[in-house]
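A.B. asks: Here it is, the structure, as structure tokens.
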Amino acid sequence: MYKHFFKRIIDFTLALIGLICVSPILLVVTIWLHFANKGGGAFFFQERPGLHGKIFKIIKFKTMTDERDANGELLPNNERLTKVGRLVRAASIDEFPQLFNVLKGDMALIGPRPLLTWFLPLYNDEQARRHEVRPGITGWAQVNGRNTLTYGNKFKYDVWYVDHLSFTLDLKIFYMTIKNVLSSKDIGNGLQDEVDDLGWNARKREAENLFEQYYRHK
């Protein structure tokens with residue numbers, strides 16, 4: 001009952017309350033980032049796979065500028081990350097706009113983190129099970145290593161969560177998330193993917209092409 005009914009009700013209610021409570025912070029950060037990003041806007045939207053692999057657009061605060069070099073290429077991430085953006089990431093405030101995704105039903109408060117779409121053609125059957133539930137703002141993998149995890153371990157944690165999802169487990173993850181955020185544990189600098197033990201980074205372009213071909217004919 002919790003997984004298929006009460007979890008969604010609780011997510012919607014808490015997301016609504018959360019947005020009301022943090023609205024002053026959202027307003028200040030939005031204005032601050034708008035100017036820090038040199039007119040590039042305060043938000044960015046990116047396609048991510050959700051429940052059953054359905055694609056939705058995730059909402060996050062934009063912490064980097066759109067500055068480019070003389071050839072029109074984007075500058076390295078560490079050069080585009082603003083001081084404000086670094087602070088926003090360190091405090092995990094960049095995740096706050098995803099509460100709107102929770103309200104819409106794209107996401108849950110707790111669940112496997114939605115990764116980029118180029119992962120989809122690379123999942124094996126077991127790894128793909130992470131999409132049997134709504135993706136979350138935080139999850140079991142995030143409180144057990146976050147950016148320090150390899151992809152392989154991350155997916156194991158995600159599938160374990162799918163198999164053991166319960167109200168008690170969600171409460172535990174919520175508590176551990178608050179604890180980790182306050183201690184800045186396992187946050188890293190957010191400028192690179194988690195450690196890649198599956199060799200997927202090297203196959204990123206191949207995966208992107210497979211994904212594009214798949215959805216062109218879907």
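Ligands are numbered from 1 in the order shown, residues from 1 within each chain, and chains are lettered A, B, ... in the order they appear in the structure tokens.
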Would you kindly return, as a PyMOL selection string, each protein, DNA or RNA residue with an atom no farther than 12 Å from any atom of Trp32 of chain A, considering only C-alpha atoms and excluding same-chain residues fewer than 2 positions away?

C.D. replies: chain A and resi 25-30+34-43+61-63+82-85+87-88

A.B. asks: Chain A: which residues are strand (DSSP E) by DSSP, as a ChimeraX atom specification?

C.D. replies: /A:43-49,55-61,108-110,136-138

A.B. asks: What are the DSSP alpha helix (DSSP H) residues of segment 8-215 of chain A, as a PyMOL selection string?

C.D. replies: chain A and resi 8-36+77-80+83-90+98-104+151-164+167-183+204-215

A.B. asks: Identify which of the residues A:Lys3, A:His164, A:Arg48, A:Lys104 lies closest to Pro135 of chain A, counting only C-alpha atoms when measuring atom-to-atom distances.

C.D. replies: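 Closest to Pro135 of chain A, using only C-alpha atoms: A:Arg48.
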
A.B. asks: Find the residues near Arg8 of chain A: any atom within 12 Å, counting only C-alpha atoms, skip ones fewer than 2 places away on the same chain, and give them as a compact mmCIF listing (two decimals) with C-alpha atoms, in the first residue's frame.

C.D. replies:
```txt
# COMPACT_ATOMS: atom_id res chain seq x y z
CA MET A 1 0.00 0.00 0.00
CA TYR A 2 2.78 2.44 0.84
CA LYS A 3 4.70 1.86 -2.41
CA HIS A 4 1.69 2.11 -4.72
CA PHE A 5 -0.53 4.62 -2.90
CA PHE A 6 0.63 6.38 0.27
CA ILE A 10 3.17 11.82 1.16
CA ASP A 11 5.56 13.01 -1.58
CA PHE A 12 3.06 15.52 -2.94
CA THR A 13 2.16 16.85 0.50
CA LEU A 14 5.75 17.21 1.72
CA ALA A 15 6.91 18.73 -1.58
CA VAL A 102 7.80 15.87 -7.31
CA LEU A 103 4.56 17.86 -7.42
CA LYS A 104 4.12 16.98 -11.09
CA GLY A 105 4.66 13.30 -10.37
CA ASP A 106 7.87 13.00 -12.39
CA MET A 107 9.87 12.26 -9.26
CA ALA A 108 9.58 11.18 -5.65
CA LEU A 109 11.35 12.68 -2.69
CA ILE A 110 13.26 9.43 -2.24
CA GLY A 111 14.27 6.98 -4.96
CA VAL A 133 9.97 3.23 -9.10
CA ARG A 134 9.95 7.01 -9.50
CA GLY A 136 14.13 10.62 -6.25
CA PHE A 167 8.07 3.78 4.79
```

A.B. asks: Enter the distance from atom CA of Arg113 of chain A to atom CA of Thr168 of chain A, in Å, rounded to one decimal.

C.D. replies: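 These two atoms are separated by 19.2 Å.
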
A.B. asks: Give me the residues near Ile59 of chain A as a PDB file with N, CA and C atoms, in the first residue's frame, where near means some atom within 9 Å (using only C-alpha atoms) and where sequence neighbours in that chain fewer than 3 positions away do not count.

C.D. replies:
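Writing done, so here's result.pdb:
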```
ATOM      1  N   PHE A  43      17.863  28.805 -14.018  1.00  0.00           N
ATOM      2  CA  PHE A  43      17.461  27.398 -14.044  1.00  0.00           C
ATOM      3  C   PHE A  43      17.941  26.730 -15.322  1.00  0.00           C
ATOM      4  N   PHE A  44      18.097  25.410 -15.246  1.00  0.00           N
ATOM      5  CA  PHE A  44      18.292  24.661 -16.475  1.00  0.00           C
ATOM      6  C   PHE A  44      17.406  23.423 -16.429  1.00  0.00           C
ATOM      7  N   PHE A  45      17.009  22.981 -17.608  1.00  0.00           N
ATOM      8  CA  PHE A  45      16.111  21.843 -17.743  1.00  0.00           C
ATOM      9  C   PHE A  45      16.823  20.775 -18.574  1.00  0.00           C
ATOM     10  N   GLN A  46      16.771  19.547 -18.110  1.00  0.00           N
ATOM     11  CA  GLN A  46      17.480  18.474 -18.791  1.00  0.00           C
ATOM     12  C   GLN A  46      16.642  17.208 -18.788  1.00  0.00           C
ATOM     13  N   GLU A  95      19.265  21.349  -5.690  1.00  0.00           N
ATOM     14  CA  GLU A  95      18.252  20.300  -5.820  1.00  0.00           C
ATOM     15  C   GLU A  95      16.836  20.799  -5.495  1.00  0.00           C
ATOM     16  N   PHE A  96      16.721  21.947  -4.854  1.00  0.00           N
ATOM     17  CA  PHE A  96      15.415  22.427  -4.385  1.00  0.00           C
ATOM     18  C   PHE A  96      14.354  22.522  -5.495  1.00  0.00           C
ATOM     19  N   PRO A  97      14.696  23.040  -6.701  1.00  0.00           N
ATOM     20  CA  PRO A  97      13.661  23.160  -7.737  1.00  0.00           C
ATOM     21  C   PRO A  97      13.040  21.827  -8.139  1.00  0.00           C
ATOM     22  N   GLN A  98      13.709  20.716  -7.813  1.00  0.00           N
ATOM     23  CA  GLN A  98      13.144  19.419  -8.161  1.00  0.00           C
ATOM     24  C   GLN A  98      11.882  19.102  -7.369  1.00  0.00           C
ATOM     25  N   LEU A  99      11.603  19.909  -6.361  1.00  0.00           N
ATOM     26  CA  LEU A  99      10.333  19.748  -5.647  1.00  0.00           C
ATOM     27  C   LEU A  99       9.163  19.970  -6.601  1.00  0.00           C
ATOM     28  N   PHE A 100       9.361  20.797  -7.637  1.00  0.00           N
ATOM     29  CA  PHE A 100       8.320  20.979  -8.652  1.00  0.00           C
ATOM     30  C   PHE A 100       8.126  19.686  -9.442  1.00  0.00           C
ATOM     31  N   ASN A 101       9.221  18.967  -9.720  1.00  0.00           N
ATOM     32  CA  ASN A 101       9.109  17.673 -10.391  1.00  0.00           C
ATOM     33  C   ASN A 101       8.342  16.675  -9.537  1.00  0.00           C
TER      34      ASN A 101
END
```

A.B. asks: In Å, rounded to a single decimal, give me how far atom CA of Leu75 of chain A is from atom CA of Phe119 of chain A.

C.D. replies: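 Between atom CA of Phe119 of chain A and atom CA of Leu75 of chain A the gap works out to 24.5 Å.
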